[in-house]
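**Student:** The structure is given below, and queries will be raised subsequently.
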Amino acid sequence: MSARRNDSHHEDMETGADRQTDRLDFAAHLNSESLHPADIADHLEHLSPEKRVSAVNSMSKEDAAETIAELEENIAAEVLENLDIDKAAEIIAEMDRDDAADVLDELDDEHRDVLLEKLTQEDSEELRHLLRFDPDSAAGVMNSELILLDQNMTIDEAITHIRREMEEEKESPYYGYVVDSHDILIGVLSLRDLMLARPGVKVGAIAAGQNVVSVTFDTEKGEVANLLSHYNYLAMPVVDYEGHILGVVTYDDIMDIIHEEASADMLGMVGADPEESCDTPWLESVRKRLPWLVVNLLNSAFSASVVYMFEGTIAQMAVLAVLMPMVANQAGNTGQQALAVMIRQLSRDIFDQKKAWLAVLREARIGLVTGLVMAVLSFLGSWWFTGNYMVGVVMGGAILCDMFLGAVAGGSIPLVFRYLGRDPAQASSIFLTTITDGAGFFIFLGLASFFLF
């Protein structure tokens with residue numbers, strides 16, 4: 001028994017030593033190289049949860065705050081949950097307000113409240129204010145740390161004010177926001193405007209007559225990204241319905257939004273949950289994917305029933321079973337091309353309903369022309385393969401009809417989803433496949449029954 005206790009004690013000492021070594025090695029790595037927080041975050045994401053916490057504990061609160069802001073939000077929340085509560089609160093206090101709110105939103109209510117209680121009253125109230133907004137809205141991604149310039153300030157006073165604000169380690173400003181005595185936004189000045197303006201001139205005079213572009217707090221974040229990209233701004237001010245400025249959405253936040261939107265579209269097209277990642281618990285992924293897999297099974301059963309209707313036709317000419325999948329595959333590929341173009345266009349949200357349906361007409365024309373070309377090639381190939389030109393006629397006709405249908409369906413399905421108030425990318429490819437497979441089999445086998453028997 002004594003020997004076992006000694007072995008166990010020895011193993012515990014080795015485990016503790018290993019953890020200490022990991023911490024020291026990581027700290028040495030940080031000190032030996034001037035790594036960007038994003039690079040450190042990449043390194044952390046490849047570590048086990050225990051080593052992540054150990055590594056963050058070895059950092060200063062400033063470095064830890066910058067690094068956690070670069071982590072995936074669910075991983076950042078996991079790290080904070082496993083840190084000492086005081087250390088976690090210090091890190092939250094050092095983070096930019098928008099980044100801190102995003103991470104806190106991932107925590108359970110009880111743990112979040114404990115962390116907020118550890119902060120200063122000002123920081124706590126500001127974060128609670130941000131957490132009240134929808135995380136998918138402009139207010140949900142805005143940073144409330146911005147530089148306001150009273151309209152009665154002179155240029156010299158404004159520059160001095162900006163320097164004083166930056167000494168408080170606020171996020172680097174892209175613009176100064178000119179407000180009246182009620183904090184209503186009346187103008188936006190770039191730092192270049194301020195540097196080139198004549199001394200003594202009031203900032204309100206420079207901003208006078210500006211057509212200020214801003215978004216309300218409840219604007220969907222995807223629309224904010226589109227506007228920022230359209231106007232080529234580095235930041236977009238967020239206001240309430242009366243025009244009082246609340247915060248600003250910066251370009252780095254928009255890059256994250258664009259990445260999230262693209263990932264969500266890609267996952268949604270195949271029926272996966274837009275929020276799913278490799279770190280999502282596997283049972284949760286099963287729960288999210290299974291309903292769409294059931295839908296896909298029912299759709300496949302529909303296609304199979306179409307084939308079963310023509311069992312006799314296939315039995316009389318086995319080569320039809322060989323050629324049949326080519327029709328569905330070609331149409332499916334055509335539809336996927338149209339689907340991808342339409343979803344990309346809808347995600348940019350830059351054209352109206354009339355133009356959207358004109359885009360479907362465009363896809364129909366493309367499907368018709370490409371279908372004609374592929375029909376000719378299919379006719380020649382099938383004739384050569386089977387020695388029966390009528391098989392070529394059937395194959396070419398089916399390819400033409402199904403490719404045309406696939407192009408129209410690929411362009412239309414996202415619009416139908418949008419009309420129903422659903423995400424245009426949500427499982428679009430599943431329904432497209434049902435149409436191209438079911439219709440393709442029916443057209444091909446129907447033509448074969450008519451022309452060959």
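Just so we're on the same page: first chain in the structure tokens is A, next is B, and so on; residues restart at 1 for each chain, and ligands are numbered from 1 in the order they show up.
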Find the residues around A:Ala139 up to 7 Å (only C-alpha atoms counted), leave out those fewer than 2 positions away in its own chain, and share them as a PyMOL selection string.
**Tutor:** chain A and resi 133+137+141-142+217-218+238
**Student:** Could you pull out all residues of stretch 175-351 of chain A with a DSSP call of strand (DSSP E or B) and give them as number ranges by chain?
**Tutor:** A: 175-179, 184-190, 202, 215-216, 220, 235-239, 244-250
**Student:** Kindly indicate which residue among A:Leu146, A:Val212, A:Ala89, A:Met326 lies nearest to A:Met374, using only C-alpha atoms for the distances.
**Tutor:**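 For A:Met374, the nearest of the given residues is A:Met326.
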**Student:** Can you work out which one of A:Arg97, A:Arg164, A:Lys354, A:Lys118 has the shortest atom-to-atom distance to A:Val249, counting only C-alpha atoms?
**Tutor:**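 The shortest atom-to-atom distance to A:Val249 comes from A:Arg97.
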**Student:** For the atom pair atom CA of A:Ala375 and atom CA of A:Ala328, what is the interatomic distance in Å to one decimal place?
**Tutor:**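 Between these atoms lies a distance of 13.2 Å.
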**Student:** Would you list, as a ChimeraX atom specification, the residues of stretch 69-217 of chain A that end up in alpha helix (DSSP H) under DSSP run on this structure's backbone?
**Tutor:** /A:69-70,73-82,85-94,97-104,109-118,121-131,138-141,155-166,191-196,203-207
**Student:** Can you tell me, as a list in words, what residues are no more than 12 Å from A:Glu126 when counting only C-alpha atoms, ignoring any on the same chain fewer than 5 positions away?
**Tutor:**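 Contacts, in chain order: Ala93, Asp96, Arg97, Asp98, Ala100, Ala101, Leu116, Leu119, Thr120, Gln121, Leu131, Arg132, Phe133, Asn143, Ser144, Glu145, Leu246 and Gly247 of chain A.
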**Student:** Skipping near chain neighbours, those fewer than 3 positions away, what residues fall within 9 Å of A:Phe441 using only C-alpha atoms, listed as a PyMOL selection string?
**Tutor:** chain A and resi 303-304+306-307+324-325+327-328+398+436-438+444-446
**Student:** Measuring between only C-alpha atoms, which one of A:Leu47, A:Ala138, A:Leu149, A:Leu400 shows the shortest distance to A:Val215?
**Tutor:**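 So, comparing all the options, the nearest one is A:Ala138.
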**Student:** Within 10 Å of stretch 415-422 of chain A, counting only C-alpha atoms, which residues qualify if same-chain residues fewer than 5 places away don't, as a VMD selection string?
**Tutor:** chain A and resid 342 to 343 346 353 356 to 357 360 409 to 410 427 to 428
**Student:** Take the residues from that selection and put them in a file with N, CA, C and O atoms, as a PDB file, in the first residue's frame.
**Tutor:**
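Writing the result to again39.pdb gives the following:
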ATOM      1  N   MET A 342     -27.207  32.988 -56.676  1.00  0.00           N
ATOM      2  CA  MET A 342     -28.360  33.687 -56.101  1.00  0.00           C
ATOM      3  C   MET A 342     -28.182  33.939 -54.603  1.00  0.00           C
ATOM      4  O   MET A 342     -28.504  35.032 -54.111  1.00  0.00           O
ATOM      5  N   ILE A 343     -27.678  32.955 -53.887  1.00  0.00           N
ATOM      6  CA  ILE A 343     -27.468  33.135 -52.445  1.00  0.00           C
ATOM      7  C   ILE A 343     -26.426  34.214 -52.191  1.00  0.00           C
ATOM      8  O   ILE A 343     -26.580  35.049 -51.287  1.00  0.00           O
ATOM      9  N   LEU A 346     -28.171  37.502 -52.779  1.00  0.00           N
ATOM     10  CA  LEU A 346     -29.093  37.840 -51.700  1.00  0.00           C
ATOM     11  C   LEU A 346     -28.357  38.239 -50.431  1.00  0.00           C
ATOM     12  O   LEU A 346     -28.827  39.079 -49.671  1.00  0.00           O
ATOM     13  N   GLN A 353     -36.945  43.018 -55.325  1.00  0.00           N
ATOM     14  CA  GLN A 353     -37.640  41.788 -55.677  1.00  0.00           C
ATOM     15  C   GLN A 353     -37.754  41.630 -57.193  1.00  0.00           C
ATOM     16  O   GLN A 353     -37.561  40.525 -57.726  1.00  0.00           O
ATOM     17  N   ALA A 356     -34.582  40.560 -58.558  1.00  0.00           N
ATOM     18  CA  ALA A 356     -34.290  39.187 -58.147  1.00  0.00           C
ATOM     19  C   ALA A 356     -34.919  38.195 -59.117  1.00  0.00           C
ATOM     20  O   ALA A 356     -34.281  37.219 -59.545  1.00  0.00           O
ATOM     21  N   TRP A 357     -36.183  38.438 -59.509  1.00  0.00           N
ATOM     22  CA  TRP A 357     -36.837  37.507 -60.434  1.00  0.00           C
ATOM     23  C   TRP A 357     -36.285  37.648 -61.844  1.00  0.00           C
ATOM     24  O   TRP A 357     -36.307  36.680 -62.629  1.00  0.00           O
ATOM     25  N   VAL A 360     -33.556  35.291 -61.936  1.00  0.00           N
ATOM     26  CA  VAL A 360     -34.003  33.917 -62.189  1.00  0.00           C
ATOM     27  C   VAL A 360     -34.166  33.696 -63.687  1.00  0.00           C
ATOM     28  O   VAL A 360     -33.783  32.639 -64.232  1.00  0.00           O
ATOM     29  N   ALA A 409     -34.841  26.264 -60.823  1.00  0.00           N
ATOM     30  CA  ALA A 409     -35.029  25.902 -59.413  1.00  0.00           C
ATOM     31  C   ALA A 409     -33.921  26.483 -58.546  1.00  0.00           C
ATOM     32  O   ALA A 409     -34.175  27.015 -57.449  1.00  0.00           O
ATOM     33  N   GLY A 410     -32.681  26.400 -59.012  1.00  0.00           N
ATOM     34  CA  GLY A 410     -31.556  26.937 -58.243  1.00  0.00           C
ATOM     35  C   GLY A 410     -31.677  28.431 -58.009  1.00  0.00           C
ATOM     36  O   GLY A 410     -31.297  28.950 -56.958  1.00  0.00           O
ATOM     37  N   ALA A 427     -30.767  24.801 -46.140  1.00  0.00           N
ATOM     38  CA  ALA A 427     -31.082  23.506 -46.755  1.00  0.00           C
ATOM     39  C   ALA A 427     -31.546  23.635 -48.203  1.00  0.00           C
ATOM     40  O   ALA A 427     -32.246  22.755 -48.716  1.00  0.00           O
ATOM     41  N   SER A 428     -31.144  24.718 -48.888  1.00  0.00           N
ATOM     42  CA  SER A 428     -31.577  24.920 -50.270  1.00  0.00           C
ATOM     43  C   SER A 428     -31.138  23.777 -51.167  1.00  0.00           C
ATOM     44  O   SER A 428     -31.881  23.349 -52.059  1.00  0.00           O
TER      45      SER A 428
END
**Student:** Using only C-alpha atoms, which of A:Leu107, A:Ala448, A:Val373, A:Leu339 sits nearest A:Gly392?
**Tutor:**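 Using only C-alpha atoms, the shortest distance to A:Gly392 belongs to A:Ala448.
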**Student:** Can you tell me how far atom CA of A:Val248 sits from atom CA of A:Met236, in Å to one decimal?
**Tutor:**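 Computing the Euclidean distance for atom CA of A:Val248 and atom CA of A:Met236 yields 5.5 Å.
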**Student:** Which residues are close to A:Ala158, i.e. within 8 Å by only C-alpha atoms, leaving aside same-chain residues fewer than 4 positions away? Reply as a list in words.
**Tutor:**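 Contacts, in chain order: Leu149, Met153, Thr154, Ile162 and Val203 of chain A.
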**Student:** Do a neighbour search on A:Ala205 at 10 Å with only C-alpha atoms, toss out local chain neighbours closer than 2 positions, and write the hits as a list in words.
**Tutor:** Gln151, Asn152, Met153, Thr154, Gly187, Val201, Lys202, Val203, Ala207, Ala208 and Gly209 of chain A
**Student:** Can I get the selection written as a PDB file, in the first residue's frame, with all heavy atoms?
**Tutor:**
ATOM      1  N   GLN A 151     -19.713  70.183 -31.042  1.00  0.00           N
ATOM      2  CA  GLN A 151     -19.717  71.036 -32.243  1.00  0.00           C
ATOM      3  C   GLN A 151     -19.083  72.404 -32.005  1.00  0.00           C
ATOM      4  O   GLN A 151     -18.649  73.067 -32.961  1.00  0.00           O
ATOM      5  CB  GLN A 151     -21.146  71.209 -32.745  1.00  0.00           C
ATOM      6  CG  GLN A 151     -22.069  71.911 -31.766  1.00  0.00           C
ATOM      7  CD  GLN A 151     -23.478  72.079 -32.306  1.00  0.00           C
ATOM      8  OE1 GLN A 151     -23.708  71.947 -33.509  1.00  0.00           O
ATOM      9  NE2 GLN A 151     -24.446  72.368 -31.433  1.00  0.00           N
ATOM     10  N   ASN A 152     -19.007  72.822 -30.742  1.00  0.00           N
ATOM     11  CA  ASN A 152     -18.433  74.137 -30.442  1.00  0.00           C
ATOM     12  C   ASN A 152     -16.935  74.092 -30.190  1.00  0.00           C
ATOM     13  O   ASN A 152     -16.320  75.123 -29.932  1.00  0.00           O
ATOM     14  CB  ASN A 152     -19.150  74.743 -29.235  1.00  0.00           C
ATOM     15  CG  ASN A 152     -20.622  75.057 -29.525  1.00  0.00           C
ATOM     16  OD1 ASN A 152     -20.933  75.602 -30.589  1.00  0.00           O
ATOM     17  ND2 ASN A 152     -21.504  74.691 -28.610  1.00  0.00           N
ATOM     18  N   MET A 153     -16.325  72.911 -30.241  1.00  0.00           N
ATOM     19  CA  MET A 153     -14.876  72.800 -30.090  1.00  0.00           C
ATOM     20  C   MET A 153     -14.169  73.398 -31.298  1.00  0.00           C
ATOM     21  O   MET A 153     -14.629  73.255 -32.441  1.00  0.00           O
ATOM     22  CB  MET A 153     -14.443  71.327 -29.983  1.00  0.00           C
ATOM     23  CG  MET A 153     -14.681  70.673 -28.643  1.00  0.00           C
ATOM     24  SD  MET A 153     -14.024  68.967 -28.684  1.00  0.00           S
ATOM     25  CE  MET A 153     -14.304  68.476 -26.991  1.00  0.00           C
ATOM     26  N   THR A 154     -13.026  74.024 -31.047  1.00  0.00           N
ATOM     27  CA  THR A 154     -12.172  74.433 -32.170  1.00  0.00           C
ATOM     28  C   THR A 154     -11.326  73.227 -32.595  1.00  0.00           C
ATOM     29  O   THR A 154     -11.269  72.211 -31.895  1.00  0.00           O
ATOM     30  CB  THR A 154     -11.234  75.574 -31.772  1.00  0.00           C
ATOM     31  OG1 THR A 154     -10.333  75.109 -30.745  1.00  0.00           O
ATOM     32  CG2 THR A 154     -12.021  76.771 -31.249  1.00  0.00           C
ATOM     33  N   GLY A 187     -22.297  65.178 -37.539  1.00  0.00           N
ATOM     34  CA  GLY A 187     -21.215  65.138 -38.521  1.00  0.00           C
ATOM     35  C   GLY A 187     -20.154  64.120 -38.161  1.00  0.00           C
ATOM     36  O   GLY A 187     -20.054  63.687 -37.006  1.00  0.00           O
ATOM     37  N   VAL A 201     -10.915  77.122 -36.305  1.00  0.00           N
ATOM     38  CA  VAL A 201     -12.225  76.831 -36.886  1.00  0.00           C
ATOM     39  C   VAL A 201     -12.955  75.815 -35.994  1.00  0.00           C
ATOM     40  O   VAL A 201     -12.348  74.883 -35.460  1.00  0.00           O
ATOM     41  CB  VAL A 201     -12.071  76.255 -38.318  1.00  0.00           C
ATOM     42  CG1 VAL A 201     -13.437  75.860 -38.887  1.00  0.00           C
ATOM     43  CG2 VAL A 201     -11.393  77.265 -39.222  1.00  0.00           C
ATOM     44  N   LYS A 202     -14.246  75.992 -35.851  1.00  0.00           N
ATOM     45  CA  LYS A 202     -15.016  75.060 -35.030  1.00  0.00           C
ATOM     46  C   LYS A 202     -15.360  73.813 -35.837  1.00  0.00           C
ATOM     47  O   LYS A 202     -15.644  73.886 -37.039  1.00  0.00           O
ATOM     48  CB  LYS A 202     -16.289  75.725 -34.519  1.00  0.00           C
ATOM     49  CG  LYS A 202     -16.025  76.825 -33.493  1.00  0.00           C
ATOM     50  CD  LYS A 202     -17.315  77.349 -32.895  1.00  0.00           C
ATOM     51  CE  LYS A 202     -17.023  78.376 -31.798  1.00  0.00           C
ATOM     52  NZ  LYS A 202     -18.261  78.884 -31.163  1.00  0.00           N
ATOM     53  N   VAL A 203     -15.340  72.664 -35.144  1.00  0.00           N
ATOM     54  CA  VAL A 203     -15.607  71.406 -35.839  1.00  0.00           C
ATOM     55  C   VAL A 203     -17.038  71.365 -36.374  1.00  0.00           C
ATOM     56  O   VAL A 203     -17.311  70.732 -37.403  1.00  0.00           O
ATOM     57  CB  VAL A 203     -15.347  70.193 -34.922  1.00  0.00           C
ATOM     58  CG1 VAL A 203     -13.889  70.085 -34.573  1.00  0.00           C
ATOM     59  CG2 VAL A 203     -16.202  70.248 -33.665  1.00  0.00           C
ATOM     60  N   ALA A 207     -18.345  70.299 -40.140  1.00  0.00           N
ATOM     61  CA  ALA A 207     -19.307  69.216 -40.332  1.00  0.00           C
ATOM     62  C   ALA A 207     -20.642  69.706 -40.871  1.00  0.00           C
ATOM     63  O   ALA A 207     -21.480  68.890 -41.261  1.00  0.00           O
ATOM     64  CB  ALA A 207     -19.538  68.497 -39.000  1.00  0.00           C
ATOM     65  N   ALA A 208     -20.847  71.015 -40.921  1.00  0.00           N
ATOM     66  CA  ALA A 208     -22.141  71.563 -41.336  1.00  0.00           C
ATOM     67  C   ALA A 208     -22.490  71.110 -42.757  1.00  0.00           C
ATOM     68  O   ALA A 208     -21.651  71.131 -43.656  1.00  0.00           O
ATOM     69  CB  ALA A 208     -22.105  73.083 -41.258  1.00  0.00           C
ATOM     70  N   GLY A 209     -23.722  70.706 -42.927  1.00  0.00           N
ATOM     71  CA  GLY A 209     -24.192  70.327 -44.265  1.00  0.00           C
ATOM     72  C   GLY A 209     -23.853  68.905 -44.671  1.00  0.00           C
ATOM     73  O   GLY A 209     -24.200  68.482 -45.784  1.00  0.00           O
TER      74      GLY A 209
END
**Student:** Please, what distance in Å, to one decimal, runs between atom CA of A:Thr434 and atom CA of A:Ser300?
**Tutor:**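 These atoms are spaced 6.7 Å apart.
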**Student:** Given the choices A:Ser60, A:Gly396, A:Asn296, A:Gly222, which gets closest to A:Ile430 if the distance is worked out from only C-alpha atoms?
**Tutor:**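 So, comparing all the options, the nearest one is A:Asn296.
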